[in-house]
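K.L.:
For reference, the file start-v7.pdb (PDB, C-alpha atoms) is included below:
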ATOM      1  CA  MET A  21     122.776 369.723  16.347
ATOM      2  CA  ASN A  22     120.787 372.774  17.307
ATOM      3  CA  ASP A  23     121.206 374.769  20.528
ATOM      4  CA  ASP A  24     118.451 372.888  22.372
ATOM      5  CA  GLN A  25     120.061 369.538  21.554
ATOM      6  CA  LEU A  26     123.488 370.762  22.637
ATOM      7  CA  LEU A  27     121.976 371.787  25.967
ATOM      8  CA  ARG A  28     119.929 368.582  26.343
ATOM      9  CA  TYR A  29     122.974 366.347  25.864
ATOM     10  CA  SER A  30     125.587 368.698  27.356
ATOM     11  CA  ARG A  31     126.453 366.497  30.351
ATOM     12  CA  GLN A  32     127.130 363.636  27.962
ATOM     13  CA  ILE A  33     128.975 365.665  25.316
ATOM     14  CA  MET A  34     131.396 367.029  27.915
ATOM     15  CA  LEU A  35     132.789 363.508  28.374
ATOM     16  CA  PRO A  36     135.916 363.406  26.174
ATOM     17  CA  GLU A  37     135.234 359.799  25.166
ATOM     18  CA  ILE A  38     131.901 360.890  23.699
ATOM     19  CA  ASP A  39     132.155 364.555  22.623
ATOM     20  CA  VAL A  40     130.012 365.879  19.768
ATOM     21  CA  GLN A  41     131.078 363.106  17.391
ATOM     22  CA  GLY A  42     129.837 360.397  19.731
ATOM     23  CA  GLN A  43     126.563 362.226  20.209
ATOM     24  CA  LEU A  44     126.111 362.462  16.455
ATOM     25  CA  ARG A  45     126.708 358.704  16.145
ATOM     26  CA  LEU A  46     123.912 358.132  18.647
ATOM     27  CA  ALA A  47     121.613 360.442  16.700
ATOM     28  CA  ASP A  48     122.275 358.484  13.493
ATOM     29  CA  ALA A  49     121.821 355.055  15.117
ATOM     30  CA  THR A  50     118.954 352.561  15.023
ATOM     31  CA  VAL A  51     118.378 350.170  17.934
ATOM     32  CA  LEU A  52     115.957 347.240  17.715
ATOM     33  CA  ILE A  53     114.391 346.360  21.090
ATOM     34  CA  LEU A  54     112.623 342.997  21.341
ATOM     35  CA  GLY A  55     110.136 343.379  24.175
ATOM     36  CA  VAL A  56     108.832 346.471  25.968
ATOM     37  CA  GLY A  57     108.459 344.825  29.369
ATOM     38  CA  GLY A  58     110.713 345.292  32.390
ATOM     39  CA  LEU A  59     114.067 345.218  30.605
ATOM     40  CA  GLY A  60     112.848 346.987  27.486
ATOM     41  CA  SER A  61     111.250 349.737  29.567
ATOM     42  CA  SER A  62     114.417 350.953  31.244
ATOM     43  CA  ALA A  63     116.602 350.319  28.199
ATOM     44  CA  SER A  64     114.299 352.336  25.936
ATOM     45  CA  ILE A  65     113.969 355.200  28.409
ATOM     46  CA  TYR A  66     117.722 355.642  28.733
ATOM     47  CA  LEU A  67     118.393 355.265  25.006
ATOM     48  CA  VAL A  68     115.787 357.910  24.191
ATOM     49  CA  ALA A  69     117.062 360.200  26.946
ATOM     50  CA  ALA A  70     120.635 359.770  25.711
ATOM     51  CA  GLY A  71     119.723 360.790  22.158
ATOM     52  CA  VAL A  72     119.599 357.588  20.116
ATOM     53  CA  GLY A  73     117.866 358.708  16.934
ATOM     54  CA  HIS A  74     115.686 355.711  16.062
ATOM     55  CA  LEU A  75     114.212 352.888  18.119
ATOM     56  CA  ILE A  76     112.309 349.932  16.663
ATOM     57  CA  LEU A  77     110.022 348.578  19.393
ATOM     58  CA  VAL A  78     108.617 345.048  19.070
ATOM     59  CA  ASP A  79     105.917 343.683  21.373
ATOM     60  CA  PHE A  80     102.368 342.451  20.764
ATOM     61  CA  ASP A  81     101.317 342.275  24.415
ATOM     62  CA  THR A  82      99.055 344.768  26.210
ATOM     63  CA  VAL A  83      99.676 346.611  29.469
ATOM     64  CA  ASP A  84      98.354 344.815  32.550
ATOM     65  CA  LEU A  85      98.095 346.111  36.111
ATOM     66  CA  SER A  86     100.621 343.490  37.252
ATOM     67  CA  ASN A  87     103.178 344.904  34.781
ATOM     68  CA  LEU A  88     103.376 348.315  36.428
ATOM     69  CA  GLN A  89     105.507 347.123  39.353
ATOM     70  CA  ARG A  90     108.507 346.921  37.032
ATOM     71  CA  GLN A  91     107.639 348.022  33.472
ATOM     72  CA  ILE A  92     108.276 351.699  34.092
ATOM     73  CA  VAL A  93     107.735 353.015  30.573
ATOM     74  CA  HIS A  94     103.982 352.380  31.052
ATOM     75  CA  ARG A  95     101.475 354.229  33.253
ATOM     76  CA  THR A  96      98.267 353.251  35.053
ATOM     77  CA  LYS A  97      96.244 355.041  32.378
ATOM     78  CA  ASP A  98      97.843 352.739  29.768
ATOM     79  CA  ILE A  99      96.290 349.528  31.112
ATOM     80  CA  GLY A 100      94.743 347.629  28.211
ATOM     81  CA  ARG A 101      96.746 349.439  25.527
ATOM     82  CA  LEU A 102      99.343 347.793  23.343
ATOM     83  CA  LYS A 103     102.723 348.138  25.028
ATOM     84  CA  VAL A 104     104.347 349.566  21.909
ATOM     85  CA  GLU A 105     101.716 352.308  21.747
ATOM     86  CA  SER A 106     102.006 353.102  25.444
ATOM     87  CA  ALA A 107     105.800 353.199  25.182
ATOM     88  CA  HIS A 108     105.584 355.398  22.076
ATOM     89  CA  ASP A 109     103.617 358.115  23.874
ATOM     90  CA  ASN A 110     105.704 358.105  27.035
ATOM     91  CA  LEU A 111     109.064 358.002  25.237
ATOM     92  CA  LEU A 112     108.120 360.878  22.930
ATOM     93  CA  ALA A 113     107.048 362.879  25.969
ATOM     94  CA  LEU A 114     110.612 362.426  27.243
ATOM     95  CA  ASN A 115     112.356 363.263  23.960
ATOM     96  CA  PRO A 116     110.280 364.383  20.964
ATOM     97  CA  ASP A 117     113.341 364.252  18.690
ATOM     98  CA  THR A 118     113.417 360.446  18.767
ATOM     99  CA  ARG A 119     111.935 358.473  15.854
ATOM    100  CA  LEU A 120     109.996 355.393  16.909
ATOM    101  CA  THR A 121     108.919 352.470  14.738
ATOM    102  CA  LEU A 122     106.286 350.221  16.310
ATOM    103  CA  ILE A 123     105.828 346.525  15.503
ATOM    104  CA  ASP A 124     102.859 344.966  17.292
ATOM    105  CA  HIS A 125     103.213 341.400  16.027
ATOM    106  CA  ALA A 126     105.675 338.543  16.356
ATOM    107  CA  LEU A 127     108.716 338.654  14.106
ATOM    108  CA  ALA A 128     109.796 335.416  12.453
ATOM    109  CA  ASP A 129     112.309 334.181   9.900
ATOM    110  CA  ASP A 130     112.897 336.714   7.107
ATOM    111  CA  GLU A 131     111.132 339.615   8.827
ATOM    112  CA  LEU A 132     113.165 339.113  11.986
ATOM    113  CA  ARG A 133     116.392 339.036   9.980
ATOM    114  CA  GLN A 134     115.368 342.145   8.028
ATOM    115  CA  GLN A 135     114.743 344.108  11.204
ATOM    116  CA  ALA A 136     118.030 342.927  12.713
ATOM    117  CA  GLN A 137     119.808 343.928   9.506
ATOM    118  CA  ALA A 138     118.267 347.413   9.698
ATOM    119  CA  ALA A 139     119.586 347.991  13.220
ATOM    120  CA  ASP A 140     123.020 349.015  14.450
ATOM    121  CA  VAL A 141     122.416 347.116  17.703
ATOM    122  CA  VAL A 142     119.748 344.654  18.848
ATOM    123  CA  ILE A 143     118.619 344.538  22.479
ATOM    124  CA  ASP A 144     117.011 341.260  23.516
ATOM    125  CA  ALA A 145     114.592 342.139  26.319
ATOM    126  CA  SER A 146     112.487 338.994  25.957
ATOM    127  CA  ASP A 147     111.782 336.396  28.617
ATOM    128  CA  ASN A 148     111.971 332.978  26.965
ATOM    129  CA  PHE A 149     114.574 330.788  25.276
ATOM    130  CA  LYS A 150     112.545 330.291  22.115
ATOM    131  CA  THR A 151     112.657 334.010  21.379
ATOM    132  CA  ARG A 152     116.248 334.452  22.513
ATOM    133  CA  PHE A 153     117.471 331.649  20.280
ATOM    134  CA  ALA A 154     115.618 333.069  17.271
ATOM    135  CA  VAL A 155     116.946 336.590  17.866
ATOM    136  CA  ASN A 156     120.456 335.252  18.358
ATOM    137  CA  GLU A 157     120.357 333.355  15.074
ATOM    138  CA  ALA A 158     119.113 336.448  13.226
ATOM    139  CA  CYS A 159     121.934 338.536  14.700
ATOM    140  CA  VAL A 160     124.551 335.923  13.803
ATOM    141  CA  LYS A 161     123.291 335.819  10.209
ATOM    142  CA  THR A 162     123.216 339.602   9.854
ATOM    143  CA  LYS A 163     126.327 340.183  11.996
ATOM    144  CA  THR A 164     124.417 342.692  14.105
ATOM    145  CA  PRO A 165     125.684 343.159  17.688
ATOM    146  CA  LEU A 166     123.296 341.683  20.248
ATOM    147  CA  VAL A 167     122.956 342.886  23.850
ATOM    148  CA  SER A 168     121.283 340.159  25.867
ATOM    149  CA  GLY A 169     119.830 340.453  29.356
ATOM    150  CA  ALA A 170     117.735 338.281  31.644
ATOM    151  CA  ALA A 171     116.435 338.685  35.188
ATOM    152  CA  ILE A 172     114.355 336.638  37.593
ATOM    153  CA  ARG A 173     113.746 336.718  41.356
ATOM    154  CA  PHE A 174     116.908 338.513  42.660
ATOM    155  CA  GLU A 175     119.363 337.427  39.953
ATOM    156  CA  ALA A 176     120.339 338.594  36.488
ATOM    157  CA  GLN A 177     122.826 338.127  33.687
ATOM    158  CA  ILE A 178     123.972 340.349  30.827
ATOM    159  CA  SER A 179     126.315 339.814  27.883
ATOM    160  CA  VAL A 180     127.169 341.149  24.420
ATOM    161  CA  PHE A 181     127.445 338.943  21.335
ATOM    162  CA  ASP A 182     128.958 340.347  18.133
ATOM    163  CA  ALA A 183     129.132 337.981  15.162
ATOM    164  CA  SER A 184     131.149 340.531  13.165
ATOM    165  CA  ASN A 185     134.033 339.402  15.372
ATOM    166  CA  ALA A 186     134.905 335.811  14.453
ATOM    167  CA  ALA A 187     136.143 335.149  17.991
ATOM    168  CA  SER A 188     132.907 336.244  19.667
ATOM    169  CA  PRO A 189     130.624 333.591  21.138
ATOM    170  CA  CYS A 190     126.890 333.789  20.467
ATOM    171  CA  TYR A 191     123.998 333.333  22.882
ATOM    172  CA  ARG A 192     123.663 329.688  21.886
ATOM    173  CA  CYS A 193     127.279 329.078  22.991
ATOM    174  CA  LEU A 194     126.131 329.875  26.517
ATOM    175  CA  TYR A 195     123.356 327.280  26.614
ATOM    176  CA  GLY A 196     123.944 324.865  23.775
ATOM    177  CA  LYS A 197     121.030 322.417  23.619
ATOM    178  CA  ASP A 198     120.452 322.346  27.363
ATOM    179  CA  ALA A 199     117.986 325.254  27.559
ATOM    180  CA  THR A 200     114.673 323.439  27.663
ATOM    181  CA  VAL A 201     112.744 325.022  30.568
ATOM    182  CA  ASP A 202     111.850 328.715  30.752
ATOM    183  CA  GLN A 203     111.542 330.477  34.078
ATOM    184  CA  SER A 204     109.400 333.589  33.850
ATOM    185  CA  CYS A 205     108.788 336.486  36.192
ATOM    186  CA  THR A 206     105.098 335.603  36.063
ATOM    187  CA  ALA A 207     105.731 332.191  37.599
ATOM    188  CA  ASN A 208     108.695 332.990  39.835
ATOM    189  CA  GLY A 209     108.548 336.704  40.668
ATOM    190  CA  VAL A 210     111.176 339.415  40.379
ATOM    191  CA  MET A 211     112.331 342.392  42.429
ATOM    192  CA  SER A 212     111.321 345.567  40.631
ATOM    193  CA  PRO A 213     114.612 347.567  40.550
ATOM    194  CA  LEU A 214     116.544 344.553  39.241
ATOM    195  CA  LEU A 215     114.896 345.005  35.824
ATOM    196  CA  GLY A 216     115.910 348.664  35.861
ATOM    197  CA  ILE A 217     119.520 347.822  36.617
ATOM    198  CA  VAL A 218     119.762 345.231  33.850
ATOM    199  CA  GLY A 219     117.941 347.356  31.268
ATOM    200  CA  SER A 220     120.218 350.281  32.081
ATOM    201  CA  VAL A 221     123.300 348.118  31.591
ATOM    202  CA  GLN A 222     121.888 346.925  28.264
ATOM    203  CA  ALA A 223     121.377 350.550  27.186
ATOM    204  CA  THR A 224     124.939 351.378  28.266
ATOM    205  CA  GLU A 225     126.417 348.506  26.281
ATOM    206  CA  ALA A 226     124.364 349.459  23.203
ATOM    207  CA  MET A 227     125.602 353.044  23.399
ATOM    208  CA  LYS A 228     129.214 351.914  23.751
ATOM    209  CA  LEU A 229     128.846 349.708  20.679
ATOM    210  CA  ILE A 230     127.324 352.549  18.654
ATOM    211  CA  MET A 231     130.006 355.058  19.662
ATOM    212  CA  GLY A 232     132.889 352.594  19.607
ATOM    213  CA  ILE A 233     134.077 353.441  23.105
ATOM    214  CA  GLY A 234     135.204 351.462  26.134
ATOM    215  CA  THR A 235     135.252 347.700  26.565
ATOM    216  CA  THR A 236     131.988 345.844  26.082
ATOM    217  CA  LEU A 237     130.784 342.617  27.657
ATOM    218  CA  GLN A 238     131.661 340.620  24.549
ATOM    219  CA  GLY A 239     133.165 337.328  25.673
ATOM    220  CA  ARG A 240     132.044 337.908  29.252
ATOM    221  CA  LEU A 241     128.924 337.078  31.236
ATOM    222  CA  LEU A 242     128.053 339.645  33.901
ATOM    223  CA  LEU A 243     126.128 338.118  36.813
ATOM    224  CA  LEU A 244     124.250 340.075  39.479
ATOM    225  CA  ASP A 245     122.755 338.937  42.786
ATOM    226  CA  VAL A 246     120.906 341.916  44.259
ATOM    227  CA  LEU A 247     119.852 340.067  47.417
ATOM    228  CA  ASN A 248     123.506 340.048  48.467
ATOM    229  CA  MET A 249     124.476 342.901  46.085
ATOM    230  CA  GLU A 250     127.269 340.941  44.435
ATOM    231  CA  TRP A 251     128.547 341.311  40.883
ATOM    232  CA  HIS A 252     130.534 338.584  39.175
ATOM    233  CA  SER A 253     132.081 338.426  35.709
ATOM    234  CA  ALA A 254     132.774 335.104  34.000
ATOM    235  CA  LYS A 255     134.622 334.461  30.749
ATOM    236  CA  LEU A 256     132.375 333.149  27.993
ATOM    237  CA  PRO A 257     134.321 331.301  25.276
ATOM    238  CA  LYS A 258     133.111 330.569  21.769
ATOM    239  CA  ASP A 259     131.884 327.000  21.378
ATOM    240  CA  PRO A 260     133.445 325.483  18.223
ATOM    241  CA  LEU A 261     130.563 322.982  18.108
ATOM    242  CA  CYS A 262     127.836 325.621  18.522
ATOM    243  CA  PRO A 263     124.981 324.826  16.096
ATOM    244  CA  VAL A 264     124.597 328.531  15.250
ATOM    245  CA  CYS A 265     128.050 330.170  15.127
ATOM    246  CA  GLY A 266     130.450 327.219  15.352
ATOM    247  CA  ASN A 267     131.576 324.586  12.868
ATOM    248  CA  ALA A 268     128.081 323.111  12.977
ATOM    249  CA  GLY A 269     126.557 326.551  12.393
ATOM    250  CA  ASN A 270     124.472 325.586   9.400
ATOM    251  CA  SER A 271     123.367 322.195  10.661
ATOM    252  CA  GLU A 272     120.447 323.413  12.733
ATOM    253  CA  LYS A 273     117.782 325.878  11.637
ATOM    254  CA  LEU A 274     115.669 327.695  14.163
ATOM    255  CA  THR A 275     112.208 328.728  13.055
ATOM    256  CA  ALA A 276     111.002 330.224  16.311
ATOM    257  CA  SER A 277     109.210 333.530  16.222
ATOM    258  CA  THR A 278     109.583 336.316  18.746
ATOM    259  CA  GLN A 279     107.077 336.287  21.553
ATOM    260  CA  ALA A 280     105.624 339.057  23.678
ATOM    261  CA  THR A 281     107.528 339.585  26.909
ATOM    262  CA  ASP A 282     106.501 339.996  30.489
ATOM    263  CA  ALA A 283     109.943 340.546  31.956
TER     264      ALA A 283
END
For this file, produce the structure as structure tokens.
P.N.:
Amino acid sequence: MNDDQLLRYSRQIMLPEIDVQGQLRLADATVLILGVGGLGSSASIYLVAAGVGHLILVDFDTVDLSNLQRQIVHRTKDIGRLKVESAHDNLLALNPDTRLTLIDHALADDELRQQAQAADVVIDASDNFKTRFAVNEACVKTKTPLVSGAAIRFEAQISVFDASNAASPCYRCLYGKDATVDQSCTANGVMSPLLGIVGSVQATEAMKLIMGIGTTLQGRLLLLDVLNMEWHSAKLPKDPLCPVCGNAGNSEKLTASTQATDA
């Protein structure tokens, strides 16, 4: 690292758990972010600010005025632009050392698996089960750690799924075959800072995975109710009958493609 980088990340490097070696791991890491909406905005901002070297941003939606209440990586002047392009400009303005790869179309099947394979960590910042299930299956197949988050109204949940650990549940273990109805922010509303909180936690978990520090949310589901400002943590066991990671893992094939998000 040069002198400017040492100064930029000095408050982080001074933490003994991170130090220079942890900062170098961040600089060498690639994070795939599915969705540059509310969750992806705050997650990407903090990952870029913290010095993650390469982000792959996936979203084919454009910036709308109604997005700006919560999708803080975009600006009023960006209305009508592709979200990945808007995010690219604003993230590079924050940290020009970051390398950004932009994907402005849906990822499906082999391409989704290839992008998951290329990443050290995947952040699911999407807003529908179809996408989440597809991303989860890709991460299970490639054994890439997945940081999942979801938020609606005043409530949110976050967890980490790591198929490289045989004991880790996957996202499908949480819902099984019962997830049939999506609830979106567009239809139900969401409090603006809630997306920032969840995206920041997702960024934190991704950084911990990259640096190999602390205890992640693997095997736990973190629940947040901001209306009453209550946090709860629930154990999330692996489902031996899960159609993706359990004994029936190869019995069901998901062909869903990733969708644009409006979280």
K.L.:
Given the PyMOL selection byres ((chain A and resi 232) around 12) and the file above, list the residues it selects as a count of residues only.
P.N.:
21
K.L.:
List the residues matched by the PyMOL selection byres ((chain A and resi 177) around 7) in the displayed structure as a list in words, ordered by chain and then by residue number.
P.N.:
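Expected selection for the PyMOL selection byres ((chain A and resi 177) around 7) here is Gly169, Ala170, Ala171, Ala176, Ile178, Ser179, Leu241, Leu242, Leu243 and Leu244 of chain A.
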K.L.:
Could you tell me how far CA of Ala138 (chain A) lies from CA of Pro165 (chain A), in Å and to one decimal?
P.N.:
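Between these atoms lies a distance of 11.7 Å.
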K.L.:
Once the PyMOL selection byres ((chain A and resi 103) around 8) is applied to the coordinates I shared, what remains selected? I want it as a ChimeraX atom specification.
P.N.:
/A:56-57,79-83,94,101-102,104-107
K.L.:
Considering all atoms listed in the file, can you say which of A:Ala186, A:Ala126, A:Ala207, A:Met249 comes closest to Asn267 (chain A)?
P.N.:
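Among the listed residues, the smallest separation from Asn267 (chain A) belongs to A:Ala186.
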K.L.:
Which of these residues is nearest to Thr121 (chain A), using all atoms listed in the file: A:Thr50, A:Ser62, A:Ser146, A:Ser184?
P.N.:
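Nearest candidate to Thr121 (chain A) out of A:Thr50, A:Ser62, A:Ser146, A:Ser184: A:Thr50.
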K.L.:
If we count only C-alpha atoms and set the cut-off at 10 Å, which residues sit around Leu114 (chain A), ignoring sequence neighbours fewer than 4 positions away in its own chain? Please answer as a PyMOL selection string.
P.N.:
chain A and resi 65-66+68-69+109-110+118
K.L.:
Find the residues around Leu214 (chain A) up to 10 Å (all atoms listed in the file counted), leave out those fewer than 6 positions away in its own chain, and share them as a list in words.
P.N.:
Gly58, Leu59, Arg90, Ala170, Ala171, Ile172, Arg173, Phe174, Glu175, Ala176, Ser220, Leu244, Asp245, Val246 and Leu247 of chain A
K.L.:
Enter the distance from CA of Gln25 (chain A) to CA of Thr164 (chain A), in Å, rounded to one decimal.
P.N.:
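Computing it gives 28.2 Å between the two atoms.
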K.L.:
Can you tell me how far CA of Val180 (chain A) sits from CA of Leu256 (chain A), in Å to one decimal?
P.N.:
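According to the coordinates, CA of Val180 (chain A) and CA of Leu256 (chain A) are separated by 10.2 Å.
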K.L.:
Can you tell me, as AutoDock Vina command-line options, the centre and edge lengths (Å, one decimal) of the axis-aligned box enclosing all of region 256-263 of chain A's listed atoms after padding each side by 4 Å?
P.N.:
--center_x 129.7 --center_y 328.1 --center_z 22.0 --size_x 17.3 --size_y 18.2 --size_z 19.9
K.L.:
Here is a test: counting all atoms listed in the file, which residue of A:Ala128, A:Val218, A:Ala187, A:Val160 is nearest to Pro257 (chain A)?
P.N.:
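Checking each of A:Ala128, A:Val218, A:Ala187, A:Val160 against Pro257 (chain A), counting all atoms listed in the file, the winner is A:Ala187.
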K.L.:
Excluding Ala136 (chain A) and residues on its chain fewer than 2 positions from it, collect all residues at most 12 Å away from it, counting all atoms listed in the file, and give them as number ranges by chain.
P.N.:
A: 50-54, 75-78, 127-134, 138-144, 154-166
